[in-house]
Amino acid sequence: MFEINDIDTVVKNAIEEISAIKDDDELEKWRIKYFGRKGIFAALTSKIPQMEQSLKPILGSKINLAKKQLTTLYEEKKKLLASTTSASQADAFNLTIPGLPTEYGTLHPITLVSRQIVRIFQGLGFGIHTGPEIETDFYNFEALNTPADHPARDMWDTFYLDEQKKFLLRTHTSPVQVRVLQKMPVPLRIIAIGKTFRRDAFDASHSPVFHQVEGLMVGYDISFSNLKAVLTFFLKELFGHSIKVRFLPSYFPFTEPSAEISISCVICDGNGCQTCAYTGWLEILGAGMVHPEVFRKAGVNDENITGFAFGAGIDRIAMIKYKIDDIRHFFSNDMRFLKQFR
Ligand code: DAH
């Protein structure tokens, strides 16, 4: 049995519930709950015959009124949901709305050249090593046969980190040679790539931070011919097999004999232009046979062991390869510059 007031409660609940409904599924559940074959109104109606005779018409019209009221609410809700879903679906699937622009990253030209160099030497069986950017005087100079009073120290304007001048920012990657010789068994062949630092001006061709690649090949029968073969192959792989390679005698404290190695100018094909200062040649590498004193300082005492070493500036190589006229571009973080390289 039920009372007249129960109908009011049903209506109140139904209104509360429908106003919280957010989608068609919920609305359909609501409809079934109240208007379904086994719904609340069906239940109420089915009980009328058992009610007291005088109440029957009142209950009947009260139920009809409630049903009418809720049906109106239902129709309105249905329309509301239809309009909001179609609007949000239009947003989600509107293919004519312009997309958000996507910024593509590119690799820095120094990274690109470094990777090419790594690939070439990996192909020749060289291992890839690194060393610390903060070095000691021992590794950067002393062990490289460049003691404190050595005139060749003028070749490297150094950032020292303490007053005793024991710690410094490495002026070249050559100290990695010493570190590798100390810990690796002979024979060995490695390259090391990384940042190097000098108290230089910051102008079109100088930067206080730049990058070098160092190479070292050591064994029991390594000769200057191996140096020539490996470095000629390297330069031709890097710049193209049509270039010419030139070896001239030079001087470095840590190699004897020493050589400077140039390629025919890739801009003018060796005819002479501004880039090669009208010489037809571009100097790329310093190299030589490892000085016995370097072996000694690194603790390699077998006199039958020989080796060659080389070093090159990666920034300079990248400038030549990509025809970049100012080293400062590498450090400017200008997207218009960086986006040109992939
Ligand atoms: N370390 C030298 C420099 O920075 C370059 C160099 C020359 C490295 C000869 C070598 C070498 O390994 O054998 O100027």
# chains A, B, ... in the order shown; residues from 1 in each chain; ligands from 1
>>> residues_around(residues="Leu59 of chain A", least_positions_apart="4", cutoff="9 Å", atoms="only C-alpha atoms", output="JSON list (two decimals) with C-alpha atoms, in the first residue's frame")
[["chain", "number", "residue", "atom", "x", "y", "z"],
["A", 3, "GLU", "CA", -0.05, 7.12, 0.62],
["A", 4, "ILE", "CA", -0.66, 10.22, -1.46],
["A", 7, "ILE", "CA", 3.81, 10.22, -4.92],
["A", 45, "THR", "CA", -0.71, 2.06, -10.64],
["A", 48, "ILE", "CA", -4.69, 1.34, -6.99],
["A", 55, "LEU", "CA", -9.04, 7.40, -2.69],
["A", 63, "ILE", "CA", -0.20, 9.74, -10.57],
["A", 64, "ASN", "CA", -1.18, 10.95, -14.03]]
>>> closest_atom_pairs(of="chain A", to="ligand 1", cutoff="7 Å", atoms="only C-alpha atoms and all ligand atoms", output="CSV")
residue,atom,partner,partner_atom_place_in_ligand_line,distance
A:Thr171,CA,ligand 1,4 (O),6.7
A:His172,CA,ligand 1,4 (O),4.5
A:Thr173,CA,ligand 1,1 (N),6.3
A:Ser174,CA,ligand 1,1 (N),5.1
A:Glu214,CA,ligand 1,12 (O),5.7
A:Gly215,CA,ligand 1,12 (O),6.2
A:Phe252,CA,ligand 1,9 (C),5.9
A:Phe254,CA,ligand 1,13 (O),6.6
A:Thr255,CA,ligand 1,13 (O),5.5
A:Ser258,CA,ligand 1,9 (C),6.7
A:Leu285,CA,ligand 1,7 (C),7.0
A:Gly286,CA,ligand 1,7 (C),3.7
A:Ala287,CA,ligand 1,13 (O),3.5
A:Gly288,CA,ligand 1,13 (O),4.5
A:Met289,CA,ligand 1,13 (O),6.8
A:Val290,CA,ligand 1,13 (O),6.8
A:Phe308,CA,ligand 1,13 (O),6.8
A:Ala309,CA,ligand 1,13 (O),4.1
A:Phe310,CA,ligand 1,12 (O),3.5
A:Gly311,CA,ligand 1,8 (C),3.5
A:Ala312,CA,ligand 1,5 (C),6.1
>>> write_last_selection(atoms="N, CA and C atoms", output="compact mmCIF listing (two decimals), in the first residue's frame")
# COMPACT_ATOMS: atom_id res chain seq x y z
N THR A 171 92.91 21.93 -22.53
CA THR A 171 93.09 22.78 -23.70
C THR A 171 93.01 21.97 -24.99
N HIS A 172 93.02 20.66 -24.85
CA HIS A 172 92.88 19.76 -26.00
C HIS A 172 92.42 18.40 -25.49
N THR A 173 92.08 17.49 -26.40
CA THR A 173 91.64 16.16 -25.98
C THR A 173 92.82 15.20 -25.80
N SER A 174 94.03 15.67 -26.04
CA SER A 174 95.20 14.80 -25.94
C SER A 174 95.38 14.12 -24.57
N GLU A 214 90.25 13.30 -30.82
CA GLU A 214 91.60 12.80 -30.61
C GLU A 214 91.63 11.36 -31.08
N GLY A 215 92.75 10.93 -31.62
CA GLY A 215 92.86 9.52 -32.01
C GLY A 215 94.17 8.94 -31.51
N PHE A 252 104.89 19.04 -32.47
CA PHE A 252 104.11 18.96 -31.23
C PHE A 252 105.00 18.28 -30.20
N PHE A 254 104.31 16.16 -28.00
CA PHE A 254 103.95 14.77 -27.67
C PHE A 254 104.07 13.81 -28.84
N THR A 255 104.57 14.28 -29.99
CA THR A 255 104.77 13.37 -31.12
C THR A 255 106.14 13.62 -31.75
N SER A 258 106.30 14.81 -36.09
CA SER A 258 104.95 15.36 -36.10
C SER A 258 104.59 15.82 -37.51
N LEU A 285 94.27 18.48 -39.54
CA LEU A 285 94.72 17.59 -38.47
C LEU A 285 96.14 17.91 -38.02
N GLY A 286 96.38 17.71 -36.71
CA GLY A 286 97.74 17.58 -36.20
C GLY A 286 97.93 16.12 -35.87
N ALA A 287 99.13 15.60 -36.11
CA ALA A 287 99.33 14.16 -35.88
C ALA A 287 100.81 13.85 -35.72
N GLY A 288 101.12 12.62 -35.43
CA GLY A 288 102.50 12.21 -35.33
C GLY A 288 102.63 10.87 -34.65
N MET A 289 103.90 10.40 -34.56
CA MET A 289 104.18 9.16 -33.84
C MET A 289 104.32 9.50 -32.36
N VAL A 290 103.65 8.73 -31.51
CA VAL A 290 103.64 9.02 -30.07
C VAL A 290 105.08 9.11 -29.54
N PHE A 308 100.63 5.90 -33.25
CA PHE A 308 100.44 7.26 -33.76
C PHE A 308 99.23 7.89 -33.09
N ALA A 309 99.23 9.23 -33.11
CA ALA A 309 98.13 9.98 -32.50
C ALA A 309 97.75 11.12 -33.44
N PHE A 310 96.53 11.62 -33.27
CA PHE A 310 96.11 12.79 -34.07
C PHE A 310 95.05 13.55 -33.31
N GLY A 311 94.91 14.81 -33.72
CA GLY A 311 93.87 15.63 -33.12
C GLY A 311 93.32 16.60 -34.17
N ALA A 312 92.02 16.89 -34.09
CA ALA A 312 91.41 17.81 -35.06
C ALA A 312 90.29 18.58 -34.39
>>> closest_residue(among="A:Leu70, A:Met217, A:Ile324, A:Ala229", to="Ile18 of chain A", atoms="only C-alpha atoms")
A:Leu70
>>> closest_residue(among="A:Thr136, A:Gln50, A:Ser114, A:Ser223", to="Lys195 of chain A", atoms="only C-alpha atoms")
A:Ser114
>>> residues_around(residues="Pro253 of chain A", least_positions_apart="4", cutoff="8 Å", atoms="only C-alpha atoms", output="NGL selection string")
:A and (144-146 or 152 or 291)
>>> closest_residue(among="A:Phe224, A:Ile267, A:Ile97, A:Tyr139", to="Phe247 of chain A", atoms="only C-alpha atoms")
A:Phe224
>>> closest_atom_pairs(of="segment 207-287 of chain A", to="segment 180-193 of chain A", cutoff="10 Å", atoms="only C-alpha atoms", output="CSV")
residue,atom,partner,partner_atom,distance
A:His211,CA,A:Ile193,CA,7.2
A:Gln212,CA,A:Ile193,CA,5.8
A:Val213,CA,A:Ile193,CA,4.4
A:Glu214,CA,A:Ala192,CA,5.0
A:Gly215,CA,A:Ile191,CA,4.3
A:Leu216,CA,A:Ile190,CA,5.4
A:Met217,CA,A:Arg189,CA,4.2
A:Val218,CA,A:Leu188,CA,5.3
A:Gly219,CA,A:Pro187,CA,4.2
A:Tyr220,CA,A:Pro187,CA,7.1
A:Asp221,CA,A:Pro187,CA,9.5
A:Ile222,CA,A:Pro187,CA,9.4
>>> write_last_selection(atoms="all heavy atoms", output="mmCIF file, in the first residue's frame")
data_model
loop_
_atom_site.group_PDB
_atom_site.id
_atom_site.type_symbol
_atom_site.label_atom_id
_atom_site.label_comp_id
_atom_site.auth_asym_id
_atom_site.auth_seq_id
_atom_site.Cartn_x
_atom_site.Cartn_y
_atom_site.Cartn_z
ATOM 1 N N HIS A 211 85.451 22.057 -29.907
ATOM 2 C CA HIS A 211 85.399 20.594 -29.805
ATOM 3 C C HIS A 211 86.549 19.971 -30.576
ATOM 4 O O HIS A 211 86.939 20.488 -31.626
ATOM 5 C CB HIS A 211 84.072 20.073 -30.369
ATOM 6 C CG HIS A 211 82.875 20.683 -29.703
ATOM 7 N ND1 HIS A 211 82.408 21.932 -30.034
ATOM 8 C CD2 HIS A 211 82.081 20.224 -28.717
ATOM 9 C CE1 HIS A 211 81.357 22.207 -29.278
ATOM 10 N NE2 HIS A 211 81.141 21.198 -28.470
ATOM 11 N N GLN A 212 87.061 18.890 -30.025
ATOM 12 C CA GLN A 212 88.139 18.184 -30.727
ATOM 13 C C GLN A 212 87.841 16.697 -30.807
ATOM 14 O O GLN A 212 87.085 16.161 -29.996
ATOM 15 C CB GLN A 212 89.473 18.364 -29.978
ATOM 16 C CG GLN A 212 90.133 19.705 -30.209
ATOM 17 C CD GLN A 212 91.571 19.729 -29.712
ATOM 18 O OE1 GLN A 212 91.959 18.912 -28.866
ATOM 19 N NE2 GLN A 212 92.352 20.658 -30.224
ATOM 20 N N VAL A 213 88.454 16.074 -31.798
ATOM 21 C CA VAL A 213 88.507 14.615 -31.817
ATOM 22 C C VAL A 213 89.975 14.221 -31.718
ATOM 23 O O VAL A 213 90.826 14.778 -32.401
ATOM 24 C CB VAL A 213 87.843 13.997 -33.072
ATOM 25 C CG1 VAL A 213 88.400 14.586 -34.358
ATOM 26 C CG2 VAL A 213 88.002 12.470 -33.066
ATOM 27 N N GLU A 214 90.248 13.299 -30.824
ATOM 28 C CA GLU A 214 91.598 12.798 -30.607
ATOM 29 C C GLU A 214 91.629 11.356 -31.076
ATOM 30 O O GLU A 214 90.626 10.643 -30.953
ATOM 31 C CB GLU A 214 91.915 12.830 -29.101
ATOM 32 C CG GLU A 214 93.365 12.587 -28.772
ATOM 33 C CD GLU A 214 94.196 13.850 -28.995
ATOM 34 O OE1 GLU A 214 93.593 14.930 -29.131
ATOM 35 O OE2 GLU A 214 95.429 13.733 -29.040
ATOM 36 N N GLY A 215 92.748 10.925 -31.620
ATOM 37 C CA GLY A 215 92.860 9.517 -32.007
ATOM 38 C C GLY A 215 94.169 8.938 -31.511
ATOM 39 O O GLY A 215 95.164 9.651 -31.368
ATOM 40 N N LEU A 216 94.157 7.656 -31.234
ATOM 41 C CA LEU A 216 95.374 6.986 -30.765
ATOM 42 C C LEU A 216 95.337 5.533 -31.206
ATOM 43 O O LEU A 216 94.346 4.834 -30.972
ATOM 44 C CB LEU A 216 95.443 7.055 -29.227
ATOM 45 C CG LEU A 216 96.661 6.391 -28.562
ATOM 46 C CD1 LEU A 216 97.951 7.142 -28.907
ATOM 47 C CD2 LEU A 216 96.468 6.336 -27.047
ATOM 48 N N MET A 217 96.419 5.118 -31.891
ATOM 49 C CA MET A 217 96.527 3.711 -32.290
ATOM 50 C C MET A 217 97.907 3.215 -31.865
ATOM 51 O O MET A 217 98.921 3.765 -32.276
ATOM 52 C CB MET A 217 96.341 3.573 -33.805
ATOM 53 C CG MET A 217 96.352 2.130 -34.283
ATOM 54 S SD MET A 217 95.727 2.015 -35.969
ATOM 55 C CE MET A 217 95.769 0.253 -36.219
ATOM 56 N N VAL A 218 97.922 2.211 -31.033
ATOM 57 C CA VAL A 218 99.177 1.757 -30.426
ATOM 58 C C VAL A 218 99.288 0.239 -30.542
ATOM 59 O O VAL A 218 98.308 -0.478 -30.346
ATOM 60 C CB VAL A 218 99.234 2.177 -28.931
ATOM 61 C CG1 VAL A 218 100.457 1.568 -28.239
ATOM 62 C CG2 VAL A 218 99.245 3.694 -28.799
ATOM 63 N N GLY A 219 100.494 -0.237 -30.891
ATOM 64 C CA GLY A 219 100.697 -1.680 -31.014
ATOM 65 C C GLY A 219 102.173 -1.988 -31.168
ATOM 66 O O GLY A 219 103.032 -1.153 -30.876
ATOM 67 N N TYR A 220 102.457 -3.208 -31.664
ATOM 68 C CA TYR A 220 103.855 -3.623 -31.767
ATOM 69 C C TYR A 220 104.451 -3.357 -33.140
ATOM 70 O O TYR A 220 105.637 -3.478 -33.341
ATOM 71 C CB TYR A 220 103.992 -5.110 -31.393
ATOM 72 C CG TYR A 220 103.809 -5.291 -29.908
ATOM 73 C CD1 TYR A 220 102.564 -5.584 -29.372
ATOM 74 C CD2 TYR A 220 104.895 -5.115 -29.041
ATOM 75 C CE1 TYR A 220 102.396 -5.723 -28.002
ATOM 76 C CE2 TYR A 220 104.728 -5.241 -27.686
ATOM 77 C CZ TYR A 220 103.488 -5.543 -27.160
ATOM 78 O OH TYR A 220 103.329 -5.653 -25.818
ATOM 79 N N ASP A 221 103.629 -2.994 -34.109
ATOM 80 C CA ASP A 221 104.202 -2.719 -35.430
ATOM 81 C C ASP A 221 103.483 -1.545 -36.098
ATOM 82 O O ASP A 221 103.186 -1.588 -37.281
ATOM 83 C CB ASP A 221 104.148 -3.973 -36.323
ATOM 84 C CG ASP A 221 102.776 -4.635 -36.263
ATOM 85 O OD1 ASP A 221 101.843 -4.006 -35.717
ATOM 86 O OD2 ASP A 221 102.646 -5.766 -36.757
ATOM 87 N N ILE A 222 103.176 -0.536 -35.310
ATOM 88 C CA ILE A 222 102.491 0.642 -35.860
ATOM 89 C C ILE A 222 103.542 1.624 -36.372
ATOM 90 O O ILE A 222 104.457 2.003 -35.643
ATOM 91 C CB ILE A 222 101.621 1.332 -34.791
ATOM 92 C CG1 ILE A 222 100.600 0.350 -34.198
ATOM 93 C CG2 ILE A 222 100.907 2.549 -35.390
ATOM 94 C CD1 ILE A 222 99.574 -0.157 -35.167
#
>>> residues_around(residues="Ile317 of chain A", least_positions_apart="3", cutoff="12 Å", atoms="only C-alpha atoms", output="NGL selection string")
:A and (109-114 or 116-117 or 210-213 or 235 or 238-239 or 262-263 or 265-266 or 282-285 or 311-314 or 320-325 or 327)
>>> atom_distance(atom1="atom CA of Pro132 of chain A", atom2="atom CA of Ala318 of chain A")
23.1 Å
>>> closest_residue(among="A:Ala42, A:Ile21, A:Val118, A:Ile32", to="Lys77 of chain A", atoms="only C-alpha atoms")
A:Ile21
>>> atom_distance(atom1="atom CA of Phe138 of chain A", atom2="atom CA of Val176 of chain A")
11.6 Å
>>> closest_residue(among="A:Val294, A:Val230, A:Glu26, A:Phe159", to="Phe121 of chain A", atoms="only C-alpha atoms")
A:Val230
>>> residues_around(residues="Trp156 of chain A", least_positions_apart="4", cutoff="12 Å", atoms="only C-alpha atoms", output="list in words")
Asn140, Phe141, Thr146, His150, Pro151, Ala152, Tyr160, Leu168, Leu169, Arg170, Thr171, His172, Thr196, Phe197, Arg198, Arg199, Asp200, Pro208 and Phe252 of chain A
>>> write_last_selection(atoms="C-alpha atoms", output="PDB file, in the first residue's frame")
ATOM      1  CA  ASN A 140      96.992  18.069 -20.007  1.00  0.00           C
ATOM      2  CA  PHE A 141     100.717  19.000 -20.172  1.00  0.00           C
ATOM      3  CA  THR A 146     105.110  19.610 -22.043  1.00  0.00           C
ATOM      4  CA  HIS A 150     108.367  24.183 -22.009  1.00  0.00           C
ATOM      5  CA  PRO A 151     108.168  26.920 -24.666  1.00  0.00           C
ATOM      6  CA  ALA A 152     105.421  24.962 -26.463  1.00  0.00           C
ATOM      7  CA  TYR A 160      93.486  27.535 -14.761  1.00  0.00           C
ATOM      8  CA  LEU A 168      92.589  23.493 -15.479  1.00  0.00           C
ATOM      9  CA  LEU A 169      90.025  23.188 -18.265  1.00  0.00           C
ATOM     10  CA  ARG A 170      91.632  20.843 -20.782  1.00  0.00           C
ATOM     11  CA  THR A 171      93.087  22.777 -23.704  1.00  0.00           C
ATOM     12  CA  HIS A 172      92.876  19.756 -26.002  1.00  0.00           C
ATOM     13  CA  THR A 196      88.062  21.784 -25.113  1.00  0.00           C
ATOM     14  CA  PHE A 197      88.784  25.230 -23.712  1.00  0.00           C
ATOM     15  CA  ARG A 198      91.235  28.036 -24.428  1.00  0.00           C
ATOM     16  CA  ARG A 199      91.579  31.634 -23.326  1.00  0.00           C
ATOM     17  CA  ASP A 200      90.927  32.805 -26.856  1.00  0.00           C
ATOM     18  CA  PRO A 208      86.861  29.825 -25.791  1.00  0.00           C
ATOM     19  CA  PHE A 252     104.112  18.958 -31.229  1.00  0.00           C
TER      20      PHE A 252
END
>>> closest_residue(among="A:Lys67, A:His108, A:Lys78, A:Lys56", to="Phe330 of chain A", atoms="only C-alpha atoms")
A:His108
>>> select_by_dssp(residues="segment 9-122 of chain A", states="alpha helix (DSSP H)", output="VMD selection string")
chain A and resid 9 to 20 24 to 35 40 to 47 56 to 93 109 to 122
